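The structure appears right after this line, and notes come after that.
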Amino acid sequence: MLGPVSLDTIPTPAALRGARQGIEVAWARDTAEVREAQRLRHEVFANELGARLQTPVPHHDIDRYDDFCEHLLVREAAGGEVIGTYRLLTPGQARRTGGTYCDNEFDLGPLAHLRPRMVELGRSCVHRDHRHGGVILALWTALAEFMIRNDLDTMIGCASIPMRDTEESTAGLAAASIWQQVRHTHLAGPAWQVAPHHPLPVEGLPVLEVEPPALIKGYLRLGAKVLGPPAWDAQFNTADLPMMMRMADLPPRYRRAASGG
């Protein structure tokens, strides 16, 4: 699940170089640091967005994939508080855990040939007081550096659309409308399209004029593709769009910035 962040604009490479002022970015080194990320996730997903989480540790968002993932942390430099996080599941660890989180929501068979160099991104979130370009950019830049350093070329994830319509009869209308928008502009080719295990009913619904979440808009600007219609995630009460970003599709100036060029 790629959760709530804010990325309304894609900064320039010059902004990439200055994005980390006042914040520190690092990969979690031990369980205690992973717990910090899990507390932030619980604060955002459960307390702020109302997700119904089943967790073995109170006030932490924990699932079976966490022990297999690398956890990226952004800290406020002054106080050390974790204010942003992503988790990343590498190809080797995906084999050990029996698949990815996305496998629970979609039939990823068409992507089988990509798996040896494919990572899954998930559980992204930023503290509500820090949703600005610097934090998001720091997270994304560190992810791109990881991909380059480890010779990985594909990122997948579920980009979530909250289903918080006020009337039960219209629940999911916004998500269905966003799907109708992106399917005409950013849908992957037929060979890469995947099907949801629990599809959100989207056909025949009226199309509203709604903006996609900032995270989705940001990924699309960076060259990401939507792989098919949304699935319904009952636990988080979200419509999840399957998305894929390949390093080769990233604008060259951002590849150069992530590689230190």
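The way I read the labels, and the way they are meant: chains A, B, ... in the order of the structure tokens, residue 1 as the first residue of every chain, and ligand 1 as the first ligand shown, with later ones counted on from there.
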Notebook entry, point to check: Can you tell me, as a list of chain:residue names, what residues are no more than 10 Å from stretch 67-70 of chain A when counting only C-alpha atoms, ignoring any on the same chain fewer than 2 positions away?
Noted result: A:Trp27, A:Ala28, A:Arg29, A:Thr31, A:Val34, A:Ile62, A:Asp63, A:Arg64, A:Tyr65, A:Leu72, A:Leu73, A:Tyr86, A:Arg87, A:Leu88, A:Leu89, A:Thr90, A:Gly92, A:Gln93, A:Ala94, A:Arg95, A:Arg96, A:Thr97, A:Glu120, A:Leu121, A:Gly122
Note to self: To test your reading of the structure, identify every residue in stretch 71-231 of chain A that backbone DSSP assigns to strand (DSSP E), and report it as a PyMOL selection string.
What the structure shows: chain A and resi 71-76+82-89+106-107+118-126+154-162+195-196+225-226+231
Go ahead and save the residues from that selection, with C-alpha atoms, as an mmCIF file, in the first residue's frame.
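Okay, out_11.cif is ready:
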```cif
data_model
loop_
_atom_site.group_PDB
_atom_site.id
_atom_site.type_symbol
_atom_site.label_atom_id
_atom_site.label_comp_id
_atom_site.auth_asym_id
_atom_site.auth_seq_id
_atom_site.Cartn_x
_atom_site.Cartn_y
_atom_site.Cartn_z
ATOM 1 C CA HIS A 71 12.579 0.159 5.939
ATOM 2 C CA LEU A 72 13.505 3.667 4.853
ATOM 3 C CA LEU A 73 13.240 6.405 7.469
ATOM 4 C CA VAL A 74 13.236 10.187 7.243
ATOM 5 C CA ARG A 75 13.969 11.911 10.548
ATOM 6 C CA GLU A 76 13.676 15.480 11.629
ATOM 7 C CA VAL A 82 10.660 9.709 12.271
ATOM 8 C CA ILE A 83 8.436 11.815 10.022
ATOM 9 C CA GLY A 84 8.364 9.693 6.861
ATOM 10 C CA THR A 85 8.816 6.083 5.857
ATOM 11 C CA TYR A 86 8.680 3.597 3.000
ATOM 12 C CA ARG A 87 9.270 -0.115 3.018
ATOM 13 C CA LEU A 88 10.902 -2.022 0.208
ATOM 14 C CA LEU A 89 10.680 -5.757 -0.522
ATOM 15 C CA PHE A 106 -3.732 -8.819 -7.998
ATOM 16 C CA ASP A 107 -2.789 -11.655 -10.298
ATOM 17 C CA MET A 118 11.589 -6.033 -9.355
ATOM 18 C CA VAL A 119 11.020 -4.523 -5.910
ATOM 19 C CA GLU A 120 7.767 -3.753 -4.179
ATOM 20 C CA LEU A 121 7.274 -0.377 -2.510
ATOM 21 C CA GLY A 122 4.665 -0.023 0.187
ATOM 22 C CA ARG A 123 3.406 1.469 3.432
ATOM 23 C CA SER A 124 4.556 4.945 2.464
ATOM 24 C CA CYS A 125 3.442 7.703 4.763
ATOM 25 C CA VAL A 126 4.518 11.088 6.051
ATOM 26 C CA THR A 154 11.301 -2.160 -11.751
ATOM 27 C CA MET A 155 9.216 -0.854 -8.858
ATOM 28 C CA ILE A 156 5.635 -1.931 -8.211
ATOM 29 C CA GLY A 157 3.121 -0.997 -5.567
ATOM 30 C CA CYS A 158 -0.519 -0.408 -4.746
ATOM 31 C CA ALA A 159 -1.423 3.278 -4.894
ATOM 32 C CA SER A 160 -4.341 3.808 -2.562
ATOM 33 C CA ILE A 161 -7.403 5.984 -3.109
ATOM 34 C CA PRO A 162 -9.398 6.545 0.119
ATOM 35 C CA ALA A 195 -6.411 -8.280 -12.794
ATOM 36 C CA PRO A 196 -7.605 -7.639 -9.205
ATOM 37 C CA LYS A 225 2.109 3.195 -15.515
ATOM 38 C CA VAL A 226 -1.185 1.909 -14.149
ATOM 39 C CA ALA A 231 -8.851 -3.679 -6.161
#
```
Write out as a tab-separated table (two decimals) with N, CA and C atoms, in the first residue's frame the residues lying within 10 Å of A:Ala191, counting only C-alpha atoms and excluding same-chain residues fewer than 6 positions away.
```tsv
chain	number	residue	atom	x	y	z
A	110	PRO	N	1.42	-11.74	-15.32
A	110	PRO	CA	2.05	-11.09	-16.47
A	110	PRO	C	3.40	-10.44	-16.16
A	111	LEU	N	3.73	-10.25	-14.88
A	111	LEU	CA	4.99	-9.61	-14.52
A	111	LEU	C	6.06	-10.62	-14.10
A	227	LEU	N	-1.39	-0.51	-14.05
A	227	LEU	CA	-1.39	-1.86	-14.61
A	227	LEU	C	-2.79	-2.45	-14.78
```
Notebook entry, point to check: Using only C-alpha atoms, which residues sit within 9 Å of A:Glu43 once same-chain residues fewer than 4 positions away are excluded, as a PyMOL selection string?
Noted result: chain A and resi 38-39+47-49+59-61+127
Written selection (C-alpha atoms) as a short mmCIF file (atom, residue, chain, number, x, y, z; two decimals), in the first residue's frame:
```cif
data_model
loop_
_atom_site.label_atom_id
_atom_site.label_comp_id
_atom_site.auth_asym_id
_atom_site.auth_seq_id
_atom_site.Cartn_x
_atom_site.Cartn_y
_atom_site.Cartn_z
CA GLN A 38 5.47 1.15 12.42
CA ARG A 39 4.30 3.68 15.01
CA ASN A 47 -5.68 7.20 13.74
CA GLU A 48 -5.86 9.61 10.81
CA LEU A 49 -7.46 7.55 8.04
CA HIS A 59 -0.25 1.41 18.35
CA HIS A 60 1.99 -0.16 15.69
CA ASP A 61 1.10 -1.13 12.11
CA HIS A 127 3.50 12.75 9.30
#
```
